[in-house]
Every structure is written in C-alpha cells, then in structure tokens.
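Read through the structure below, which is laid out as structure tokens, and then see the notes.
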Amino acid sequence: MLALAFPAAAFGTNCYVLAPGPGEECLVVDPGIGVEDTLRSLLQEHRLRPAAVLLTHGHLDHVYSVTPVCGGDTAAYIHTDDRYRLTDPVASIDPGTLAMMEAQFGQRATWREPERVVEIEDRGRLELAGLSLEVLHAPGHTEGSAMFALDVVPDGLPAEEGLDRTVVSGDVLFAGSIGRTDLAGGSDAAMRRSLREVVLPLPDSTLVLTGHGPATTMRRERATNPYLRGLDA
C-alpha cells in the first residue's frame with residue numbers, strides 16, 4: 001500500500017493519502033486547513049485519483065478542505081453520529097481561535113457542505129479505491145469518532161517491526177496520548193470505553209496513523225501510553 005502523509009497548515013492535523021500503488025485511485029483522509037496545494041502536488045506526483053474522502057470525525061481541523069477536495073463527484077464518508085457536524089463546523093469553533101486562524105490565512109473562514117456525503121456505521125466494511133477498510137466507531141473525542149482499519153501496511157516498513165495491519169486513528173489515539181474529551185460532544189466515559197473495547201483489542205502488530213503527531217504502533221502504546229494503563233481489554 002502507498003501511504004502518504006503531511007500536516008495541515010493549521011493545528012498540525014495529519015492528512016493521509018492511501019492507495020494500492022502509484023497511478024491508482026486513492027483515498028484522502030482528513031483534509032484539514034490549507035491542504036489543497038500540497039495535496040494537489042502529491043496526487044500529481046504519484047498520478048493518483050481520489051475515489052473518496054474519509055473523515056475520522058467532524059471537527060473543523062479535520063474536515064475544512066473536504067468540499068473542495070471532493071468537488072462535485074467524490075463522496076465524503078463520515079460516521080452517522082458526526083454527520084450533523086458537516087452542516088457548519090466553522091460555527092462550533094471558539095471565536096478567539098477562529099479569529100487567529102483567519103488572521104493567519106488573511107481571509108474569512110467560510111463553509112459549504114460536500115455535495116455527496118455517505119454515512120458509515122460501526123464495523124461497516126468499505127471497499128474503495130482497491131482497498132478494504134473496516135469502520136471502528138470509537139466515541140469519546142466526538143460522538144461519531146471513527147477509526148479505519150486495513151489488513152495491509154504501507155510499503156517500505158522495516159520487516160523487523162513485524163507490522164501487518166494499519167489503523168488510521170484520528171483523534172482517538174496518539175503516540176503517548178489520546179484525544180481530548182472536554183469539547184462539545186466529548187465524553188471521558190465514552191473515551192475510556194472506546195479505549196478498552198476498541199483500541200486495546202487491536203493486535204500489537206498494528207501500525208497506528210494518528211490524527212496529530214507521529215505514527216506509532218499498538219505494541220508501543222500498550223507498553224507506554226499512560227491512558228491505556230489500568231484498562232481491561
């Protein structure tokens with residue numbers, strides 16, 4: 001699998017491009033703020049054609065560029081419980097943060113919903129762009145936070161790592177941390193349940209592509225992440 005990643009221009013949100021290989025259809029995951037130029041260059045360099053846009057949740061920093069990336073033909077996929085957030089995620093952001101963002105980019109933040117939105121459910125199977133993904137609903141950061149699991153790993157990983165599975169975790173799990181639960185729609189109890197019932201059962205051989213910061217592995221997080229300690233799988 002070809003896996004490309006780069007941070008958005010604001011909030012350090014990771015945008016991912018996944019494809020069976022160069023010259024194929026691809027999936028774009030979490031196109032955040034200011035990603036369009038970099039994404040366009042990557043798609044041209046690797047001769048990729050977006051077949052779908054996957055959203056791990058509906059926060060502005062993960063969805064801001066979804067409509068221009070989708071255009072009129074490509075669908076955006078989001079869990080049913082976060083579908084409402086695509087109505088106007090700009091309206092839900094803190095006014096001070098919004099003002100800082102607008103000052104940084106020199107223009108007013110605007111929003112338009114994607115023309116095609118597909119609602120996804122827990123344990124649903126997506127067959128897109130030649131890849132097979134399982135939807136793992138993991139609420140806590142938001143009601144509809146979801147992870148995407150694939151039974152393949154990116155090309156070029158060291159064999160000694162023993163990795164055979166990939167999960168795009170959004171803001172559920174980070175390297176050494178987890179997503180915050182104090183924003184609207186967040187829940188500490190739901191997050192703990194998701195960590196216990198969805199994250200911990202993932203095998204140690206899972207590569208975790210996080211919503212912010214570096215990639216990690218379940219082996220590493222199980223051993224070192226303080227938020228996973230004391231939870232029973």
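Labels for the structure tokens follow display order: chains A, B, ..., residues from 1 in each chain, ligands from 1.
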Give me the residues within 6 Å of stretch 139-144 of chain A as number ranges by chain, counting only C-alpha atoms and dropping any in the same chain fewer than 2 places off.
-> A: 79, 81-82, 179-181, 185-187, 190-191
Selected residues written out, N, CA and C atoms, as a PDB file, in the first residue's frame:
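As written to disk, part.pdb reads:
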ATOM      1  N   HIS A  79     -18.985   9.039  10.036  1.00  0.00           N
ATOM      2  CA  HIS A  79     -19.895   8.262  10.866  1.00  0.00           C
ATOM      3  C   HIS A  79     -21.202   9.014  11.072  1.00  0.00           C
ATOM      4  N   ASP A  81     -23.072   9.541  13.560  1.00  0.00           N
ATOM      5  CA  ASP A  81     -23.204  10.388  14.744  1.00  0.00           C
ATOM      6  C   ASP A  81     -22.474  11.718  14.622  1.00  0.00           C
ATOM      7  N   ASP A  82     -21.595  11.849  13.641  1.00  0.00           N
ATOM      8  CA  ASP A  82     -20.921  13.135  13.407  1.00  0.00           C
ATOM      9  C   ASP A  82     -21.397  13.808  12.121  1.00  0.00           C
ATOM     10  N   GLY A 179      -7.083  11.726  22.369  1.00  0.00           N
ATOM     11  CA  GLY A 179      -7.789  12.962  22.078  1.00  0.00           C
ATOM     12  C   GLY A 179      -8.490  13.517  23.306  1.00  0.00           C
ATOM     13  N   ARG A 180      -8.633  14.825  23.326  1.00  0.00           N
ATOM     14  CA  ARG A 180      -9.299  15.474  24.461  1.00  0.00           C
ATOM     15  C   ARG A 180     -10.792  15.159  24.447  1.00  0.00           C
ATOM     16  N   THR A 181     -11.397  15.204  25.632  1.00  0.00           N
ATOM     17  CA  THR A 181     -12.810  14.847  25.763  1.00  0.00           C
ATOM     18  C   THR A 181     -13.651  15.983  26.324  1.00  0.00           C
ATOM     19  N   GLY A 185     -19.711  17.473  22.749  1.00  0.00           N
ATOM     20  CA  GLY A 185     -19.877  16.138  22.199  1.00  0.00           C
ATOM     21  C   GLY A 185     -18.861  15.139  22.686  1.00  0.00           C
ATOM     22  N   GLY A 186     -17.869  15.594  23.452  1.00  0.00           N
ATOM     23  CA  GLY A 186     -16.869  14.692  24.013  1.00  0.00           C
ATOM     24  C   GLY A 186     -17.363  14.058  25.296  1.00  0.00           C
ATOM     25  N   SER A 187     -16.764  12.943  25.658  1.00  0.00           N
ATOM     26  CA  SER A 187     -17.160  12.237  26.872  1.00  0.00           C
ATOM     27  C   SER A 187     -15.997  11.402  27.370  1.00  0.00           C
ATOM     28  N   ALA A 190     -17.115   7.743  27.580  1.00  0.00           N
ATOM     29  CA  ALA A 190     -17.159   7.107  26.265  1.00  0.00           C
ATOM     30  C   ALA A 190     -15.752   6.848  25.744  1.00  0.00           C
ATOM     31  N   MET A 191     -14.836   7.766  25.998  1.00  0.00           N
ATOM     32  CA  MET A 191     -13.463   7.566  25.544  1.00  0.00           C
ATOM     33  C   MET A 191     -12.833   6.368  26.250  1.00  0.00           C
TER      34      MET A 191
END
List as a PDB file with C-alpha atoms, in the first residue's frame the protein and nucleic acid residues near stretch 126-131 of chain A, meaning an atom at most 6 Å away when only C-alpha atoms are counted, but skip any in the same chain fewer than 4 places from it.
ATOM      1  CA  GLU A  25      -7.314   5.538  -7.338  1.00  0.00           C
ATOM      2  CA  CYS A  26      -6.732   6.714  -3.773  1.00  0.00           C
ATOM      3  CA  ALA A  51     -12.096   7.898  -5.160  1.00  0.00           C
TER       4      ALA A  51
END
Members of stretch 83-194 of chain A assigned strand (DSSP E or B) by DSSP, as a VMD selection string | chain A and resid 117 to 120 125 to 128 131 to 137 146 to 150 165 to 170 173 to 174 177 to 178
Test item: residues at most 7 Å from A:Leu209, only C-alpha atoms, excluding those fewer than 6 positions along its chain, as number ranges by chain | A: 167-169, 215-216
Any chance you could export the current selection's N, CA, C and O atoms as a PDB file, in the first residue's frame?
ATOM      1  N   VAL A 167      -4.145   1.049  11.241  1.00  0.00           N
ATOM      2  CA  VAL A 167      -5.342   1.746  11.713  1.00  0.00           C
ATOM      3  C   VAL A 167      -5.101   3.249  11.620  1.00  0.00           C
ATOM      4  O   VAL A 167      -4.091   3.749  12.129  1.00  0.00           O
ATOM      5  N   VAL A 168      -6.005   3.939  10.952  1.00  0.00           N
ATOM      6  CA  VAL A 168      -5.992   5.404  10.952  1.00  0.00           C
ATOM      7  C   VAL A 168      -6.865   5.834  12.118  1.00  0.00           C
ATOM      8  O   VAL A 168      -8.077   5.624  12.114  1.00  0.00           O
ATOM      9  N   SER A 169      -6.250   6.420  13.144  1.00  0.00           N
ATOM     10  CA  SER A 169      -6.931   6.567  14.432  1.00  0.00           C
ATOM     11  C   SER A 169      -7.601   7.912  14.649  1.00  0.00           C
ATOM     12  O   SER A 169      -8.326   8.086  15.636  1.00  0.00           O
ATOM     13  N   ALA A 215       3.376   8.723  13.718  1.00  0.00           N
ATOM     14  CA  ALA A 215       2.773   7.395  13.737  1.00  0.00           C
ATOM     15  C   ALA A 215       3.360   6.599  14.893  1.00  0.00           C
ATOM     16  O   ALA A 215       4.423   6.918  15.438  1.00  0.00           O
ATOM     17  N   THR A 216       2.638   5.546  15.271  1.00  0.00           N
ATOM     18  CA  THR A 216       3.101   4.706  16.371  1.00  0.00           C
ATOM     19  C   THR A 216       2.632   3.286  16.105  1.00  0.00           C
ATOM     20  O   THR A 216       2.152   2.977  15.015  1.00  0.00           O
TER      21      THR A 216
END
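Close contacts of A:Leu2, defined as residues with an atom at most 9 Å away when counting only C-alpha atoms, with chain neighbours fewer than 4 positions off set aside, comprise Val17, Leu18, Ala19, Pro20, Gly21, Pro22, Val153, Pro154 and Asp155 of chain A.
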Dump as a compact mmCIF listing (two decimals), in the first residue's frame, selection limited to C-alpha atoms:
# COMPACT_ATOMS: atom_id res chain seq x y z
CA VAL A 17 -3.44 9.62 1.06
CA LEU A 18 -3.81 5.84 0.76
CA ALA A 19 -3.68 3.83 -2.47
CA PRO A 20 -2.77 0.34 -3.72
CA GLY A 21 0.12 1.99 -5.56
CA PRO A 22 1.14 4.88 -7.84
CA VAL A 153 0.67 -1.81 5.87
CA PRO A 154 2.47 0.90 3.89
CA ASP A 155 5.27 -0.16 1.60
For stretch 59-68 of chain A, work out the shell of residues within 9 Å, counting only C-alpha atoms and skipping chain neighbours fewer than 3 positions away, then give it as a PyMOL selection string.
-> chain A and resi 8+10-15+29-36+53+55-56+71-72+76+82+85-86+88-90+92-93+111-115+142+170+211
Go ahead and dump the residues you just picked, N, CA and C atoms, as an mmCIF file, in the first residue's frame.
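Dumped everything to result-v4.cif:
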data_model
loop_
_atom_site.group_PDB
_atom_site.id
_atom_site.type_symbol
_atom_site.label_atom_id
_atom_site.label_comp_id
_atom_site.auth_asym_id
_atom_site.auth_seq_id
_atom_site.Cartn_x
_atom_site.Cartn_y
_atom_site.Cartn_z
ATOM 1 N N ALA A 8 -1.455 19.515 8.018
ATOM 2 C CA ALA A 8 -2.182 20.673 7.518
ATOM 3 C C ALA A 8 -1.486 21.957 7.958
ATOM 4 N N ALA A 10 -2.671 24.353 9.656
ATOM 5 C CA ALA A 10 -3.073 24.807 10.991
ATOM 6 C C ALA A 10 -3.375 23.588 11.863
ATOM 7 N N PHE A 11 -3.035 23.682 13.139
ATOM 8 C CA PHE A 11 -3.326 22.670 14.149
ATOM 9 C C PHE A 11 -2.548 21.366 13.958
ATOM 10 N N GLY A 12 -1.669 21.284 12.966
ATOM 11 C CA GLY A 12 -0.857 20.086 12.781
ATOM 12 C C GLY A 12 -1.653 18.826 12.501
ATOM 13 N N THR A 13 -2.809 18.974 11.891
ATOM 14 C CA THR A 13 -3.650 17.815 11.582
ATOM 15 C C THR A 13 -3.044 17.009 10.438
ATOM 16 N N ASN A 14 -2.902 15.717 10.632
ATOM 17 C CA ASN A 14 -2.333 14.868 9.588
ATOM 18 C C ASN A 14 -3.371 14.555 8.514
ATOM 19 N N CYS A 15 -3.010 14.812 7.269
ATOM 20 C CA CYS A 15 -3.809 14.408 6.121
ATOM 21 C C CYS A 15 -3.109 13.209 5.488
ATOM 22 N N VAL A 29 -7.746 11.060 3.524
ATOM 23 C CA VAL A 29 -8.282 11.002 4.883
ATOM 24 C C VAL A 29 -8.000 12.313 5.604
ATOM 25 N N ASP A 30 -9.051 12.939 6.113
ATOM 26 C CA ASP A 30 -8.967 14.149 6.941
ATOM 27 C C ASP A 30 -8.236 15.312 6.262
ATOM 28 N N PRO A 31 -8.810 15.853 5.192
ATOM 29 C CA PRO A 31 -8.213 17.038 4.558
ATOM 30 C C PRO A 31 -8.522 18.292 5.368
ATOM 31 N N GLY A 32 -7.562 18.747 6.147
ATOM 32 C CA GLY A 32 -7.767 19.860 7.061
ATOM 33 C C GLY A 32 -7.534 21.216 6.430
ATOM 34 N N ILE A 33 -7.057 22.132 7.227
ATOM 35 C CA ILE A 33 -6.951 23.534 6.819
ATOM 36 C C ILE A 33 -5.698 23.753 5.969
ATOM 37 N N GLY A 34 -5.878 24.321 4.787
ATOM 38 C CA GLY A 34 -4.749 24.686 3.942
ATOM 39 C C GLY A 34 -4.014 23.538 3.307
ATOM 40 N N VAL A 35 -4.709 22.418 3.040
ATOM 41 C CA VAL A 35 -4.024 21.247 2.489
ATOM 42 C C VAL A 35 -4.077 21.173 0.964
ATOM 43 N N GLU A 36 -4.868 22.005 0.334
ATOM 44 C CA GLU A 36 -5.195 21.796 -1.084
ATOM 45 C C GLU A 36 -3.974 21.796 -1.995
ATOM 46 N N VAL A 53 -13.253 10.539 0.104
ATOM 47 C CA VAL A 53 -12.623 11.239 1.220
ATOM 48 C C VAL A 53 -13.194 10.661 2.505
ATOM 49 N N LEU A 55 -13.445 10.761 6.660
ATOM 50 C CA LEU A 55 -13.324 11.692 7.775
ATOM 51 C C LEU A 55 -13.404 10.907 9.084
ATOM 52 N N THR A 56 -12.367 11.033 9.908
ATOM 53 C CA THR A 56 -12.374 10.317 11.184
ATOM 54 C C THR A 56 -13.356 10.926 12.169
ATOM 55 N N GLY A 71 -14.979 18.023 -4.610
ATOM 56 C CA GLY A 71 -15.570 18.538 -5.832
ATOM 57 C C GLY A 71 -17.027 18.121 -5.904
ATOM 58 N N GLY A 72 -17.534 17.922 -7.106
ATOM 59 C CA GLY A 72 -18.932 17.536 -7.230
ATOM 60 C C GLY A 72 -19.156 16.052 -7.364
ATOM 61 N N ALA A 76 -17.833 12.140 0.488
ATOM 62 C CA ALA A 76 -17.192 12.189 1.792
ATOM 63 C C ALA A 76 -17.878 11.182 2.706
ATOM 64 N N ASP A 82 -21.595 11.849 13.641
ATOM 65 C CA ASP A 82 -20.921 13.135 13.407
ATOM 66 C C ASP A 82 -21.397 13.808 12.121
ATOM 67 N N ARG A 85 -22.182 17.525 12.114
ATOM 68 C CA ARG A 85 -21.088 18.487 12.212
ATOM 69 C C ARG A 85 -20.702 19.062 10.843
ATOM 70 N N LEU A 86 -21.058 18.398 9.773
ATOM 71 C CA LEU A 86 -20.747 18.908 8.443
ATOM 72 C C LEU A 86 -21.706 20.011 8.000
ATOM 73 N N ASP A 88 -22.110 22.930 9.560
ATOM 74 C CA ASP A 88 -21.303 24.149 9.644
ATOM 75 C C ASP A 88 -20.302 24.033 10.782
ATOM 76 N N PRO A 89 -19.186 23.338 10.575
ATOM 77 C CA PRO A 89 -18.194 23.188 11.647
ATOM 78 C C PRO A 89 -17.521 24.498 12.030
ATOM 79 N N VAL A 90 -17.546 25.495 11.148
ATOM 80 C CA VAL A 90 -16.952 26.795 11.480
ATOM 81 C C VAL A 90 -17.696 27.423 12.651
ATOM 82 N N SER A 92 -18.925 26.114 15.212
ATOM 83 C CA SER A 92 -18.673 25.494 16.507
ATOM 84 C C SER A 92 -17.291 25.805 17.070
ATOM 85 N N ILE A 93 -16.440 26.475 16.304
ATOM 86 C CA ILE A 93 -15.087 26.729 16.777
ATOM 87 C C ILE A 93 -15.067 27.960 17.677
ATOM 88 N N TRP A 111 -17.721 28.093 4.812
ATOM 89 C CA TRP A 111 -18.019 26.673 4.787
ATOM 90 C C TRP A 111 -19.134 26.370 3.804
ATOM 91 N N ARG A 112 -18.983 25.274 3.082
ATOM 92 C CA ARG A 112 -20.038 24.728 2.229
ATOM 93 C C ARG A 112 -19.973 23.216 2.335
ATOM 94 N N GLU A 113 -21.118 22.587 2.560
ATOM 95 C CA GLU A 113 -21.145 21.130 2.711
ATOM 96 C C GLU A 113 -20.758 20.422 1.422
ATOM 97 N N PRO A 114 -20.148 19.239 1.550
ATOM 98 C CA PRO A 114 -19.904 18.436 0.346
ATOM 99 C C PRO A 114 -21.233 18.071 -0.311
ATOM 100 N N GLU A 115 -21.212 17.924 -1.608
ATOM 101 C CA GLU A 115 -22.440 17.572 -2.314
ATOM 102 C C GLU A 115 -22.868 16.140 -2.038
ATOM 103 N N THR A 142 -15.390 12.842 19.927
ATOM 104 C CA THR A 142 -16.703 13.293 19.466
ATOM 105 C C THR A 142 -17.617 12.070 19.485
ATOM 106 N N GLY A 170 -7.377 8.882 13.752
ATOM 107 C CA GLY A 170 -7.957 10.199 14.001
ATOM 108 C C GLY A 170 -7.494 10.745 15.340
ATOM 109 N N GLY A 211 -4.061 11.192 14.160
ATOM 110 C CA GLY A 211 -4.601 12.443 13.643
ATOM 111 C C GLY A 211 -3.674 13.621 13.827
#
When distances are computed from only C-alpha atoms, which of A:Ala5, A:Ala159, A:Leu228, A:Leu136 shows the smallest separation from A:Gly124?
-> A:Leu136
Mind pulling up the distance from atom CA of A:Ala138 to atom CA of A:Glu119?
-> 15.2 Å
So which bits of stretch 3-227 of chain A end up helix (DSSP H, G or I) when you DSSP the backbone, as an MDAnalysis selection string?
-> chainID A and resid 36:46 60:63 66:70 80:86 89:92 95:105 159:161 188:199 218:224 226:227
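Coordinates place atom CA of A:Tyr16 at a distance of 26.3 Å from atom CA of A:Pro226.
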Quick one: pull the distance between atom CA of A:Arg165 and atom CA of A:Ala3, Å, one decimal.
-> 12.9 Å
Shell around A:Arg220 at 12 Å using only C-alpha atoms, local window under 2 positions removed, as a ChimeraX atom specification = /A:161,163,174-177,200,203-208,215-218,222-226,228
